[in-house]
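Asker: My structure file structure.cif, mmCIF, C-alpha atoms and all ligand atoms, is below:
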data_final
loop_
_atom_site.group_PDB
_atom_site.id
_atom_site.type_symbol
_atom_site.label_atom_id
_atom_site.label_comp_id
_atom_site.auth_asym_id
_atom_site.auth_seq_id
_atom_site.Cartn_x
_atom_site.Cartn_y
_atom_site.Cartn_z
ATOM 1 C CA MET A 1 59.379 -13.348 -79.774
ATOM 2 C CA TYR A 2 56.211 -13.230 -77.984
ATOM 3 C CA TYR A 3 55.467 -15.429 -75.239
ATOM 4 C CA THR A 4 51.885 -15.062 -74.537
ATOM 5 C CA LYS A 5 50.209 -16.795 -71.813
ATOM 6 C CA LYS A 6 46.597 -16.257 -71.627
ATOM 7 C CA ARG A 7 45.845 -15.352 -68.106
ATOM 8 C CA ARG A 8 43.434 -17.917 -66.978
ATOM 9 C CA ILE A 9 41.011 -17.217 -64.297
ATOM 10 C CA LYS A 10 41.027 -19.982 -61.846
ATOM 11 C CA LYS A 11 37.401 -20.878 -61.175
ATOM 12 C CA GLY A 12 37.927 -23.165 -58.229
ATOM 13 C CA PRO A 13 38.654 -20.591 -55.542
ATOM 14 C CA ILE A 14 35.819 -18.304 -56.718
ATOM 15 C CA ILE A 15 33.266 -21.035 -56.360
ATOM 16 C CA VAL A 16 34.561 -21.767 -52.898
ATOM 17 C CA LEU A 17 34.314 -18.077 -52.026
ATOM 18 C CA VAL A 18 30.761 -17.783 -53.344
ATOM 19 C CA VAL A 19 29.711 -20.838 -51.412
ATOM 20 C CA ILE A 20 31.250 -19.438 -48.234
ATOM 21 C CA VAL A 21 29.484 -16.101 -48.703
ATOM 22 C CA LEU A 22 26.186 -17.877 -49.318
ATOM 23 C CA ILE A 23 26.635 -19.976 -46.211
ATOM 24 C CA ILE A 24 27.396 -16.858 -44.193
ATOM 25 C CA ILE A 25 24.279 -15.113 -45.549
ATOM 26 C CA LEU A 26 22.141 -18.140 -44.803
ATOM 27 C CA VAL A 27 23.511 -18.393 -41.304
ATOM 28 C CA ILE A 28 22.852 -14.687 -40.662
ATOM 29 C CA VAL A 29 19.315 -14.913 -42.042
ATOM 30 C CA GLY A 30 18.752 -18.074 -40.029
ATOM 31 C CA ILE A 31 19.986 -16.524 -36.818
ATOM 32 C CA ASN A 32 17.792 -13.483 -37.343
ATOM 33 C CA LEU A 33 14.742 -15.592 -38.067
ATOM 34 C CA TYR A 34 15.462 -17.654 -35.001
ATOM 35 C CA LYS A 35 15.902 -14.493 -32.937
ATOM 36 C CA HIS A 36 12.658 -13.078 -34.270
ATOM 37 C CA TYR A 37 10.526 -16.119 -33.527
ATOM 38 C CA THR A 38 11.996 -16.617 -30.093
ATOM 39 C CA SER A 39 11.913 -12.914 -29.159
ATOM 40 C CA ASP A 40 9.698 -11.542 -26.405
ATOM 41 C CA GLU A 41 8.248 -9.091 -28.938
ATOM 42 C CA TYR A 42 7.104 -11.897 -31.191
ATOM 43 C CA LYS A 43 5.705 -13.951 -28.328
ATOM 44 C CA LEU A 44 3.855 -10.971 -26.857
ATOM 45 C CA GLY A 45 2.404 -10.288 -30.299
ATOM 46 C CA LYS A 46 1.243 -13.898 -30.426
ATOM 47 C CA ALA A 47 -0.289 -13.422 -26.960
ATOM 48 C CA GLY A 48 -2.412 -10.622 -28.416
ATOM 49 C CA TYR A 49 -0.621 -7.414 -27.427
ATOM 50 C CA ASP A 50 -0.155 -4.670 -29.997
ATOM 51 C CA GLU A 51 3.024 -2.765 -30.763
ATOM 52 C CA ASN A 52 2.496 -0.033 -28.156
ATOM 53 C CA GLU A 53 1.446 -2.486 -25.489
ATOM 54 C CA ILE A 54 4.512 -4.605 -26.188
ATOM 55 C CA LYS A 55 6.732 -1.560 -25.720
ATOM 56 C CA GLU A 56 5.118 -0.980 -22.308
ATOM 57 C CA ILE A 57 5.404 -4.602 -21.240
ATOM 58 C CA LEU A 58 9.078 -4.787 -22.208
ATOM 59 C CA LYS A 59 9.784 -2.087 -19.626
ATOM 60 C CA PHE A 60 8.614 -4.452 -16.872
ATOM 61 C CA ASP A 61 10.729 -7.008 -15.016
ATOM 62 C CA ASP A 62 11.392 -10.340 -16.721
ATOM 63 C CA LYS A 63 8.958 -12.301 -14.563
ATOM 64 C CA TYR A 64 6.094 -10.043 -15.632
ATOM 65 C CA ILE A 65 7.061 -10.305 -19.291
ATOM 66 C CA THR A 66 7.078 -14.075 -18.914
ATOM 67 C CA TYR A 67 3.644 -13.919 -17.282
ATOM 68 C CA ALA A 68 2.241 -11.875 -20.171
ATOM 69 C CA ILE A 69 3.678 -14.326 -22.695
ATOM 70 C CA GLU A 70 2.348 -17.385 -20.920
ATOM 71 C CA HIS A 71 -1.162 -16.121 -20.223
ATOM 72 C CA LYS A 72 -3.926 -15.063 -22.518
ATOM 73 C CA TYR A 73 -4.352 -11.375 -23.238
ATOM 74 C CA GLU A 74 -5.641 -9.361 -20.256
ATOM 75 C CA ASP A 75 -6.545 -5.732 -20.881
ATOM 76 C CA ASP A 76 -6.053 -4.939 -17.165
ATOM 77 C CA PHE A 77 -2.485 -6.215 -17.189
ATOM 78 C CA ILE A 78 -0.663 -3.087 -18.360
ATOM 79 C CA PRO A 79 -2.629 -0.474 -16.368
ATOM 80 C CA LEU A 80 -2.235 -2.576 -13.228
ATOM 81 C CA MET A 81 1.483 -3.072 -13.727
ATOM 82 C CA LYS A 82 1.967 0.659 -14.156
ATOM 83 C CA GLU A 83 0.444 1.400 -10.746
ATOM 84 C CA LYS A 84 3.088 2.587 -8.286
ATOM 85 C CA TYR A 85 1.929 0.296 -5.479
ATOM 86 C CA PHE A 86 1.242 -2.742 -7.648
ATOM 87 C CA MET A 87 2.106 -5.931 -5.777
ATOM 88 C CA TRP A 88 2.634 -9.077 -7.772
ATOM 89 C CA LYS A 89 1.334 -11.387 -5.028
ATOM 90 C CA ASN A 90 -2.028 -9.615 -5.285
ATOM 91 C CA TYR A 91 -2.382 -9.811 -9.062
ATOM 92 C CA ASP A 92 -5.072 -12.485 -9.151
ATOM 93 C CA ASN A 93 -7.067 -10.629 -6.509
ATOM 94 C CA TYR A 94 -6.869 -7.370 -8.495
ATOM 95 C CA ILE A 95 -8.284 -9.161 -11.521
ATOM 96 C CA LYS A 96 -10.990 -10.846 -9.462
ATOM 97 C CA TYR A 97 -11.967 -7.571 -7.790
ATOM 98 C CA ILE A 98 -12.111 -5.770 -11.142
ATOM 99 C CA ASN A 99 -14.306 -8.485 -12.608
ATOM 100 C CA ASP A 100 -16.597 -8.559 -9.566
ATOM 101 C CA GLU A 101 -16.940 -4.826 -9.002
ATOM 102 C CA TYR A 102 -16.511 -3.007 -12.288
ATOM 103 C CA GLY A 103 -18.019 -5.051 -15.108
ATOM 104 C CA ASP A 104 -18.093 -2.662 -18.066
ATOM 105 C CA LYS A 105 -17.479 0.445 -15.964
ATOM 106 C CA LYS A 106 -14.226 2.374 -16.202
ATOM 107 C CA VAL A 107 -11.762 0.833 -13.750
ATOM 108 C CA ASP A 108 -10.042 2.991 -11.109
ATOM 109 C CA TYR A 109 -6.800 1.012 -11.028
ATOM 110 C CA SER A 110 -5.229 3.040 -8.207
ATOM 111 C CA LYS A 111 -8.208 2.303 -6.041
ATOM 112 C CA VAL A 112 -8.229 -1.384 -6.945
ATOM 113 C CA VAL A 113 -4.545 -1.696 -6.021
ATOM 114 C CA SER A 114 -5.021 0.177 -2.712
ATOM 115 C CA LEU A 115 -8.096 -1.771 -1.656
ATOM 116 C CA VAL A 116 -6.720 -5.180 -2.513
ATOM 117 C CA ASN A 117 -3.302 -4.429 -0.995
ATOM 118 C CA VAL A 118 -4.884 -3.656 2.372
ATOM 119 C CA GLY A 119 -7.429 -6.478 2.130
ATOM 120 C CA ALA A 120 -10.417 -4.136 1.948
ATOM 121 C CA ASN A 121 -11.729 -6.033 -1.066
ATOM 122 C CA ASN A 122 -13.049 -8.371 1.639
ATOM 123 C CA GLU A 123 -15.809 -7.620 4.132
ATOM 124 C CA PRO A 124 -14.541 -6.162 7.445
ATOM 125 C CA TYR A 125 -13.611 -8.803 10.035
ATOM 126 C CA THR A 126 -13.329 -11.517 7.381
ATOM 127 C CA HIS A 127 -9.978 -12.943 6.222
ATOM 128 C CA THR A 128 -8.445 -11.683 9.436
ATOM 129 C CA LYS A 129 -4.962 -12.367 10.712
ATOM 130 C CA LYS A 130 -2.948 -11.561 13.818
ATOM 131 C CA THR A 131 -0.615 -8.610 13.625
ATOM 132 C CA ASP A 132 3.139 -9.134 13.779
ATOM 133 C CA MET A 133 4.070 -7.921 17.261
ATOM 134 C CA ASP A 134 7.764 -7.949 16.336
ATOM 135 C CA LYS A 135 7.079 -4.736 14.433
ATOM 136 C CA GLY A 136 7.025 -2.818 17.720
ATOM 137 C CA TYR A 137 5.576 0.675 17.322
ATOM 138 C CA ALA A 138 4.938 -0.101 13.645
ATOM 139 C CA ILE A 139 2.318 -2.808 14.310
ATOM 140 C CA LEU A 140 -0.752 -2.638 12.108
ATOM 141 C CA VAL A 141 -4.184 -2.949 13.652
ATOM 142 C CA ASN A 142 -7.299 -2.622 11.511
ATOM 143 C CA LYS A 143 -10.486 -4.524 10.661
ATOM 144 C CA TYR A 144 -8.454 -7.319 9.057
ATOM 145 C CA THR A 145 -5.495 -7.403 11.402
ATOM 146 C CA SER A 146 -5.941 -7.934 15.121
ATOM 147 C CA LEU A 147 -3.851 -7.780 18.238
ATOM 148 C CA PRO A 148 -3.037 -11.037 20.019
ATOM 149 C CA GLU A 149 -6.042 -12.088 22.065
ATOM 150 C CA LYS A 150 -6.703 -9.737 24.993
ATOM 151 C CA TYR A 151 -3.427 -7.922 24.364
ATOM 152 C CA ALA A 152 -2.384 -5.356 26.961
ATOM 153 C CA PRO A 153 0.822 -3.286 26.808
ATOM 154 C CA ASP A 154 2.896 -3.309 29.997
ATOM 155 C CA ASP A 155 4.110 0.295 29.995
ATOM 156 C CA ILE A 156 0.857 2.209 30.399
ATOM 157 C CA VAL A 157 1.018 5.413 32.423
ATOM 158 C CA GLU A 158 -1.597 7.853 33.671
ATOM 159 C CA MET A 159 -1.804 11.178 31.768
ATOM 160 C CA SER A 160 -1.889 14.369 33.781
ATOM 161 C CA ASN A 161 -4.869 16.708 33.598
ATOM 162 C CA TRP A 162 -2.517 19.201 32.069
ATOM 163 C CA TYR A 163 -2.568 17.140 28.850
ATOM 164 C CA ALA A 164 -5.754 15.110 29.017
ATOM 165 C CA TYR A 165 -9.235 14.892 30.434
ATOM 166 C CA PRO A 166 -9.402 12.652 33.533
ATOM 167 C CA ASN A 167 -8.811 8.907 33.351
ATOM 168 C CA ASN A 168 -6.598 8.840 30.292
ATOM 169 C CA ARG A 169 -3.725 6.387 30.098
ATOM 170 C CA ILE A 170 -1.165 5.759 27.392
ATOM 171 C CA ARG A 171 2.150 4.016 26.727
ATOM 172 C CA ASN A 172 5.121 5.759 28.246
ATOM 173 C CA ASP A 173 6.953 6.721 25.033
ATOM 174 C CA VAL A 174 3.748 7.932 23.432
ATOM 175 C CA TYR A 175 3.102 10.151 26.401
ATOM 176 C CA ALA A 176 6.582 11.653 26.161
ATOM 177 C CA ALA A 177 6.084 12.338 22.446
ATOM 178 C CA PHE A 178 2.670 13.853 23.051
ATOM 179 C CA LYS A 179 4.048 16.161 25.744
ATOM 180 C CA GLU A 180 6.695 17.386 23.339
ATOM 181 C CA MET A 181 4.099 17.966 20.622
ATOM 182 C CA SER A 182 1.796 19.685 23.059
ATOM 183 C CA GLU A 183 4.551 22.117 24.097
ATOM 184 C CA ALA A 184 5.356 22.890 20.458
ATOM 185 C CA ALA A 185 1.671 23.512 19.726
ATOM 186 C CA LYS A 186 1.455 25.810 22.742
ATOM 187 C CA GLU A 187 4.386 27.837 21.433
ATOM 188 C CA ASP A 188 2.484 28.314 18.194
ATOM 189 C CA GLY A 189 -0.633 29.323 20.146
ATOM 190 C CA TYR A 190 -2.639 26.073 20.161
ATOM 191 C CA THR A 191 -3.808 23.904 23.029
ATOM 192 C CA LEU A 192 -4.064 20.140 22.617
ATOM 193 C CA ILE A 193 -6.156 18.014 24.933
ATOM 194 C CA VAL A 194 -6.568 14.230 24.853
ATOM 195 C CA ASN A 195 -10.030 12.848 25.419
ATOM 196 C CA SER A 196 -9.465 9.192 24.601
ATOM 197 C CA SER A 197 -6.332 7.082 24.743
ATOM 198 C CA TYR A 198 -5.531 3.532 25.816
ATOM 199 C CA ARG A 199 -8.556 1.293 26.051
ATOM 200 C CA SER A 200 -8.180 -2.185 27.467
ATOM 201 C CA TYR A 201 -9.733 -5.247 25.861
ATOM 202 C CA GLU A 202 -12.463 -5.203 28.493
ATOM 203 C CA GLU A 203 -13.251 -1.523 27.968
ATOM 204 C CA GLN A 204 -13.401 -1.932 24.195
ATOM 205 C CA LYS A 205 -15.586 -5.005 24.597
ATOM 206 C CA GLU A 206 -17.956 -3.092 26.818
ATOM 207 C CA ILE A 207 -18.301 -0.284 24.256
ATOM 208 C CA TYR A 208 -18.818 -2.699 21.394
ATOM 209 C CA ASP A 209 -21.254 -4.941 23.267
ATOM 210 C CA ASP A 210 -23.230 -1.929 24.384
ATOM 211 C CA TYR A 211 -23.725 -0.794 20.780
ATOM 212 C CA GLU A 212 -24.480 -4.314 19.673
ATOM 213 C CA ASP A 213 -27.048 -4.951 22.415
ATOM 214 C CA ASN A 214 -28.847 -1.688 21.769
ATOM 215 C CA ARG A 215 -28.542 -1.197 18.036
ATOM 216 C CA GLY A 216 -27.380 -4.495 16.511
ATOM 217 C CA LYS A 217 -24.153 -5.789 15.051
ATOM 218 C CA GLU A 218 -24.188 -3.667 11.894
ATOM 219 C CA TYR A 219 -24.471 -0.468 13.913
ATOM 220 C CA ALA A 220 -21.834 -1.638 16.389
ATOM 221 C CA ASP A 221 -19.392 -2.393 13.574
ATOM 222 C CA LYS A 222 -20.004 1.004 12.081
ATOM 223 C CA TYR A 223 -19.310 3.004 15.222
ATOM 224 C CA ALA A 224 -16.966 0.881 17.311
ATOM 225 C CA ALA A 225 -14.108 -1.468 16.650
ATOM 226 C CA ARG A 226 -14.347 -5.015 17.897
ATOM 227 C CA PRO A 227 -12.115 -5.822 20.884
ATOM 228 C CA ASP A 228 -8.575 -6.815 19.782
ATOM 229 C CA PHE A 229 -9.187 -4.898 16.542
ATOM 230 C CA SER A 230 -9.103 -1.396 18.050
ATOM 231 C CA GLU A 231 -6.049 0.803 17.679
ATOM 232 C CA HIS A 232 -6.833 2.241 21.098
ATOM 233 C CA GLN A 233 -6.018 -1.148 22.603
ATOM 234 C CA THR A 234 -2.440 -0.822 21.300
ATOM 235 C CA GLY A 235 -1.788 2.112 23.624
ATOM 236 C CA LEU A 236 -0.362 3.901 20.602
ATOM 237 C CA SER A 237 -3.397 5.998 19.637
ATOM 238 C CA LEU A 238 -4.748 9.242 20.996
ATOM 239 C CA ASP A 239 -7.909 11.176 20.250
ATOM 240 C CA ILE A 240 -6.758 14.787 20.337
ATOM 241 C CA PHE A 241 -8.960 17.892 20.415
ATOM 242 C CA SER A 242 -8.703 21.546 21.253
ATOM 243 C CA PRO A 243 -10.579 22.532 24.415
ATOM 244 C CA GLY A 244 -14.277 22.887 23.653
ATOM 245 C CA ALA A 245 -14.073 21.222 20.221
ATOM 246 C CA ASN A 246 -15.901 17.984 19.474
ATOM 247 C CA MET A 247 -16.110 15.355 16.769
ATOM 248 C CA SER A 248 -18.406 17.434 14.609
ATOM 249 C CA ASN A 249 -16.334 20.612 14.536
ATOM 250 C CA PHE A 250 -12.711 19.739 15.272
ATOM 251 C CA ALA A 251 -11.828 19.341 11.579
ATOM 252 C CA GLU A 252 -12.679 23.021 11.037
ATOM 253 C CA THR A 253 -10.351 24.319 13.747
ATOM 254 C CA GLU A 254 -6.913 25.904 13.359
ATOM 255 C CA THR A 255 -5.662 23.446 15.953
ATOM 256 C CA TYR A 256 -6.541 20.576 13.628
ATOM 257 C CA LYS A 257 -4.735 22.338 10.799
ATOM 258 C CA TRP A 258 -1.636 22.653 12.977
ATOM 259 C CA LEU A 259 -1.844 18.980 13.981
ATOM 260 C CA SER A 260 -2.310 17.717 10.449
ATOM 261 C CA GLU A 261 0.773 19.640 9.308
ATOM 262 C CA ASN A 262 3.049 19.032 12.317
ATOM 263 C CA SER A 263 2.127 15.856 14.159
ATOM 264 C CA TYR A 264 4.499 13.668 12.116
ATOM 265 C CA LYS A 265 7.448 15.664 13.510
ATOM 266 C CA TYR A 266 6.601 14.193 16.910
ATOM 267 C CA GLY A 267 5.926 10.670 15.666
ATOM 268 C CA PHE A 268 2.159 10.851 15.098
ATOM 269 C CA ILE A 269 0.088 10.437 11.936
ATOM 270 C CA LEU A 270 -3.537 11.164 11.177
ATOM 271 C CA ARG A 271 -4.823 7.615 11.028
ATOM 272 C CA TYR A 272 -8.222 7.929 9.326
ATOM 273 C CA PRO A 273 -7.998 10.686 6.703
ATOM 274 C CA GLU A 274 -10.802 12.176 4.669
ATOM 275 C CA GLY A 275 -11.564 10.396 1.405
ATOM 276 C CA LYS A 276 -9.820 7.163 2.458
ATOM 277 C CA GLU A 277 -12.771 5.601 4.260
ATOM 278 C CA ASP A 278 -12.895 2.591 1.911
ATOM 279 C CA ILE A 279 -9.262 1.834 2.616
ATOM 280 C CA THR A 280 -9.090 2.396 6.384
ATOM 281 C CA GLY A 281 -12.586 1.082 7.055
ATOM 282 C CA TYR A 282 -13.236 4.116 9.265
ATOM 283 C CA SER A 283 -15.012 7.425 8.799
ATOM 284 C CA TYR A 284 -12.830 10.500 8.620
ATOM 285 C CA GLU A 285 -11.539 11.121 12.159
ATOM 286 C CA ALA A 286 -9.684 14.435 12.385
ATOM 287 C CA TRP A 287 -8.895 13.709 16.037
ATOM 288 C CA HIS A 288 -7.433 10.196 15.933
ATOM 289 C CA TYR A 289 -3.614 10.114 15.857
ATOM 290 C CA ARG A 290 -1.413 7.069 15.819
ATOM 291 C CA TYR A 291 2.097 6.987 17.235
ATOM 292 C CA LEU A 292 4.715 5.402 14.965
ATOM 293 C CA GLY A 293 7.918 7.050 16.146
ATOM 294 C CA ASN A 294 9.510 10.015 14.374
ATOM 295 C CA GLU A 295 11.281 8.231 11.553
ATOM 296 C CA LEU A 296 8.378 6.103 10.367
ATOM 297 C CA ALA A 297 5.806 8.844 10.916
ATOM 298 C CA LYS A 298 7.748 11.116 8.569
ATOM 299 C CA LYS A 299 7.993 8.407 5.918
ATOM 300 C CA VAL A 300 4.268 7.710 6.085
ATOM 301 C CA TYR A 301 3.449 11.431 6.030
ATOM 302 C CA ASP A 302 5.697 11.980 2.999
ATOM 303 C CA SER A 303 4.190 9.014 1.164
ATOM 304 C CA GLY A 304 0.687 10.478 1.353
ATOM 305 C CA LEU A 305 -0.583 6.944 2.004
ATOM 306 C CA THR A 306 -2.837 5.718 4.773
ATOM 307 C CA TYR A 307 -0.982 3.582 7.286
ATOM 308 C CA ASP A 308 -2.821 0.510 6.012
ATOM 309 C CA GLU A 309 -1.468 1.083 2.499
ATOM 310 C CA TYR A 310 2.008 1.990 3.693
ATOM 311 C CA TYR A 311 2.233 -1.107 5.847
ATOM 312 C CA ALA A 312 0.941 -3.421 3.121
ATOM 313 C CA TYR A 313 3.448 -2.134 0.579
ATOM 314 C CA TYR A 314 6.551 -1.424 2.628
ATOM 315 C CA LEU A 315 6.373 -3.351 5.892
ATOM 316 C CA ASP A 316 4.300 -6.501 5.499
ATOM 317 C CA ASP A 317 6.386 -9.593 4.896
HETATM 318 ZN ZN ZN B 1 -9.677 7.204 18.263
#
Translate the structure described by the file into structure tokens.
Ligand SMILES: [Zn+2]

Answerer:
Amino acid sequence: MYYTKKRRIKKGPIIVLVVIVLIIILVIVGINLYKHYTSDEYKLGKAGYDENEIKEILKFDDKYITYAIEHKYEDDFIPLMKEKYFMWKNYDNYIKYINDEYGDKKVDYSKVVSLVNVGANNEPYTHTKKTDMDKGYAILVNKYTSLPEKYAPDDIVEMSNWYAYPNNRIRNDVYAAFKEMSEAAKEDGYTLIVNSSYRSYEEQKEIYDDYEDNRGKEYADKYAARPDFSEHQTGLSLDIFSPGANMSNFAETETYKWLSENSYKYGFILRYPEGKEDITGYSYEAWHYRYLGNELAKKVYDSGLTYDEYYAYYLDD
């Protein structure tokens, strides 16, 4: 006898299963849609950046990504952010400088970043501040950063005629470093001689006033620093020549070549290099060396930056 039982498919569980699968699919789709519309990519696209630009921006830190999302499209944003010495606190000033100075011209972003970082987007002797004396030998003095009023170091010593023309004085440690450098130069066959060194507030004032009285303020500002704004008043700067050389020919001498390649080993850097006049605010001075101490001098030398740029990026706080 046959006992047949038709195998019945139970529909209930299948419907439940289908519903569960559908819910799962919907949830997944929903999550993905949510992710898409809340993603940085989507928001940057909405802000006006294209696919390649978005890729670049996503490499930046979160705060910059947020900035790009929250502000309207700026075509200077990415090139500025990619600059090695970009400083976020200066962003608005970069944009302002670009708008003021470049118009439709091709923007030199490196230059914009350098100039604004050091404050040279402003006229010399405007927007000035006092230097931070706690920095010791690393203090910055330029046309935007001054010494305390009538500053005078308390460890100034007289330089011997062996190392300098008469009446040169300098800070003790700087003198020791210069002597060491001078001996090393001598061993390599070069003679160094200092013709200008520490200048007091009064001496600097006399030089500046003299220029100003005879040739006017513009001329004075071009050829002399204002008192309290001169590196010579720090007692950390020396004008170094070879015997017989002068301002017009020293840059062509072998002695200069030796100095430019070796001075950092003794704590000195070339302070006003060629081609950086806009940044330092000074003409190229092959003879003007600034003492920073060995460690910092090497870092600045290796960076290839002017001291103004180095200080703004690494030391200013
Ligand atoms: Zn000098």

Asker: Once the PyMOL selection byres (((not hetatm)) within 8 of (chain B and resi 1)) is applied to the coordinates I shared, what remains selected? I want it as an MDAnalysis selection string.

Answerer: chainID A and resid 196:197 231:232 237:239 285 287:289

Asker: How close does stretch 69-151 of chain A get to stretch 198-206 of chain A? List, as JSON lines, each residue of stretch 69-151 of chain A within 12 Å, its nearest atom pair and the distance in Å to one decimal, counting all atoms listed in the file.

Answerer:
{"residue": "A:Ser146", "atom": "CA", "partner": "A:Tyr201", "partner_atom": "CA", "distance": 11.7}
{"residue": "A:Leu147", "atom": "CA", "partner": "A:Tyr201", "partner_atom": "CA", "distance": 10.0}
{"residue": "A:Pro148", "atom": "CA", "partner": "A:Tyr201", "partner_atom": "CA", "distance": 10.6}
{"residue": "A:Glu149", "atom": "CA", "partner": "A:Tyr201", "partner_atom": "CA", "distance": 8.7}
{"residue": "A:Lys150", "atom": "CA", "partner": "A:Tyr201", "partner_atom": "CA", "distance": 5.5}
{"residue": "A:Tyr151", "atom": "CA", "partner": "A:Tyr201", "partner_atom": "CA", "distance": 7.0}

Asker: Counting only C-alpha atoms, select every polymer residue within 7 Å of (9.9, 13.5, 9.5) as defined in the file's coordinates, and provide the selection as a PDB file with C-alpha atoms, keeping the file's coordinate frame.

Answerer:
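Wrote it out as selection_28.pdb, contents follow:
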ATOM      1  CA  TYR A 264       4.499  13.668  12.116  1.00  0.00           C
ATOM      2  CA  LYS A 265       7.448  15.664  13.510  1.00  0.00           C
ATOM      3  CA  ASN A 294       9.510  10.015  14.374  1.00  0.00           C
ATOM      4  CA  GLU A 295      11.281   8.231  11.553  1.00  0.00           C
ATOM      5  CA  ALA A 297       5.806   8.844  10.916  1.00  0.00           C
ATOM      6  CA  LYS A 298       7.748  11.116   8.569  1.00  0.00           C
ATOM      7  CA  LYS A 299       7.993   8.407   5.918  1.00  0.00           C
TER       8      LYS A 299
END

Asker: From the list A:Pro273, A:Gly281, A:Gly45, A:Gly244, which residue is nearest A:Tyr165 when using only C-alpha atoms?

Answerer: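 The closest residue to A:Tyr165 is A:Gly244.
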
Asker: List the residues selected by the PyMOL selection byres (((chain A and resi 181) around 10) and not hetatm) in the file shown, writing them as a PyMOL selection string.

Answerer: chain A and resi 175-180+182-187+192+259+262-268

Asker: What lies within 12 Å of A:Ala68 using all atoms listed in the file, ignoring chain neighbours under 6 positions off, as JSON, numbers by chain?

Answerer: {"A": [40, 41, 43, 44, 45, 46, 47, 48, 49, 53, 54, 56, 57, 58, 60, 61, 62, 74, 75, 76, 77, 78, 81]}

Asker: Keeping C-alpha atoms, export the residues of the selection given above as a compact mmCIF listing (two decimals), keeping the file's coordinate frame.

Answerer:
# COMPACT_ATOMS: atom_id res chain seq x y z
CA ASP A 40 9.70 -11.54 -26.40
CA GLU A 41 8.25 -9.09 -28.94
CA LYS A 43 5.70 -13.95 -28.33
CA LEU A 44 3.86 -10.97 -26.86
CA GLY A 45 2.40 -10.29 -30.30
CA LYS A 46 1.24 -13.90 -30.43
CA ALA A 47 -0.29 -13.42 -26.96
CA GLY A 48 -2.41 -10.62 -28.42
CA TYR A 49 -0.62 -7.41 -27.43
CA GLU A 53 1.45 -2.49 -25.49
CA ILE A 54 4.51 -4.61 -26.19
CA GLU A 56 5.12 -0.98 -22.31
CA ILE A 57 5.40 -4.60 -21.24
CA LEU A 58 9.08 -4.79 -22.21
CA PHE A 60 8.61 -4.45 -16.87
CA ASP A 61 10.73 -7.01 -15.02
CA ASP A 62 11.39 -10.34 -16.72
CA GLU A 74 -5.64 -9.36 -20.26
CA ASP A 75 -6.54 -5.73 -20.88
CA ASP A 76 -6.05 -4.94 -17.16
CA PHE A 77 -2.48 -6.22 -17.19
CA ILE A 78 -0.66 -3.09 -18.36
CA MET A 81 1.48 -3.07 -13.73

Asker: List the residues matched by the PyMOL selection byres (((chain A and resi 302-307) around 8) and not hetatm) in the displayed structure as a PyMOL selection string, ordered by chain and then by residue number.

Answerer: chain A and resi 140+271-273+276+279-280+298-301+308-311

Asker: Could you model N, CA and C atoms for stretch 300-311 of chain A and present them as an mmCIF file, in the frame of the given file?

Answerer:
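Saved as selection-v9.cif:
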data_model
loop_
_atom_site.group_PDB
_atom_site.id
_atom_site.type_symbol
_atom_site.label_atom_id
_atom_site.label_comp_id
_atom_site.auth_asym_id
_atom_site.auth_seq_id
_atom_site.Cartn_x
_atom_site.Cartn_y
_atom_site.Cartn_z
ATOM 1 N N VAL A 300 5.677 7.911 6.428
ATOM 2 C CA VAL A 300 4.268 7.710 6.085
ATOM 3 C C VAL A 300 3.647 9.037 5.645
ATOM 4 N N TYR A 301 3.955 10.100 6.373
ATOM 5 C CA TYR A 301 3.449 11.431 6.030
ATOM 6 C C TYR A 301 3.884 11.811 4.609
ATOM 7 N N ASP A 302 5.170 11.619 4.323
ATOM 8 C CA ASP A 302 5.697 11.980 2.999
ATOM 9 C C ASP A 302 5.090 11.136 1.879
ATOM 10 N N SER A 303 4.736 9.903 2.199
ATOM 11 C CA SER A 303 4.190 9.014 1.164
ATOM 12 C C SER A 303 2.777 9.431 0.752
ATOM 13 N N GLY A 304 2.075 10.118 1.646
ATOM 14 C CA GLY A 304 0.687 10.478 1.353
ATOM 15 C C GLY A 304 -0.267 9.290 1.435
ATOM 16 N N LEU A 305 0.251 8.148 1.906
ATOM 17 C CA LEU A 305 -0.583 6.944 2.004
ATOM 18 C C LEU A 305 -1.240 6.846 3.375
ATOM 19 N N THR A 306 -2.314 6.084 3.461
ATOM 20 C CA THR A 306 -2.837 5.718 4.773
ATOM 21 C C THR A 306 -1.845 4.723 5.377
ATOM 22 N N TYR A 307 -1.925 4.523 6.693
ATOM 23 C CA TYR A 307 -0.982 3.582 7.286
ATOM 24 C C TYR A 307 -1.230 2.154 6.792
ATOM 25 N N ASP A 308 -2.487 1.847 6.527
ATOM 26 C CA ASP A 308 -2.821 0.510 6.012
ATOM 27 C C ASP A 308 -2.085 0.245 4.698
ATOM 28 N N GLU A 309 -2.129 1.231 3.802
ATOM 29 C CA GLU A 309 -1.468 1.083 2.499
ATOM 30 C C GLU A 309 0.049 1.029 2.654
ATOM 31 N N TYR A 310 0.563 1.927 3.489
ATOM 32 C CA TYR A 310 2.008 1.990 3.693
ATOM 33 C C TYR A 310 2.511 0.651 4.226
ATOM 34 N N TYR A 311 1.827 0.151 5.214
ATOM 35 C CA TYR A 311 2.233 -1.107 5.847
ATOM 36 C C TYR A 311 2.196 -2.253 4.839
#
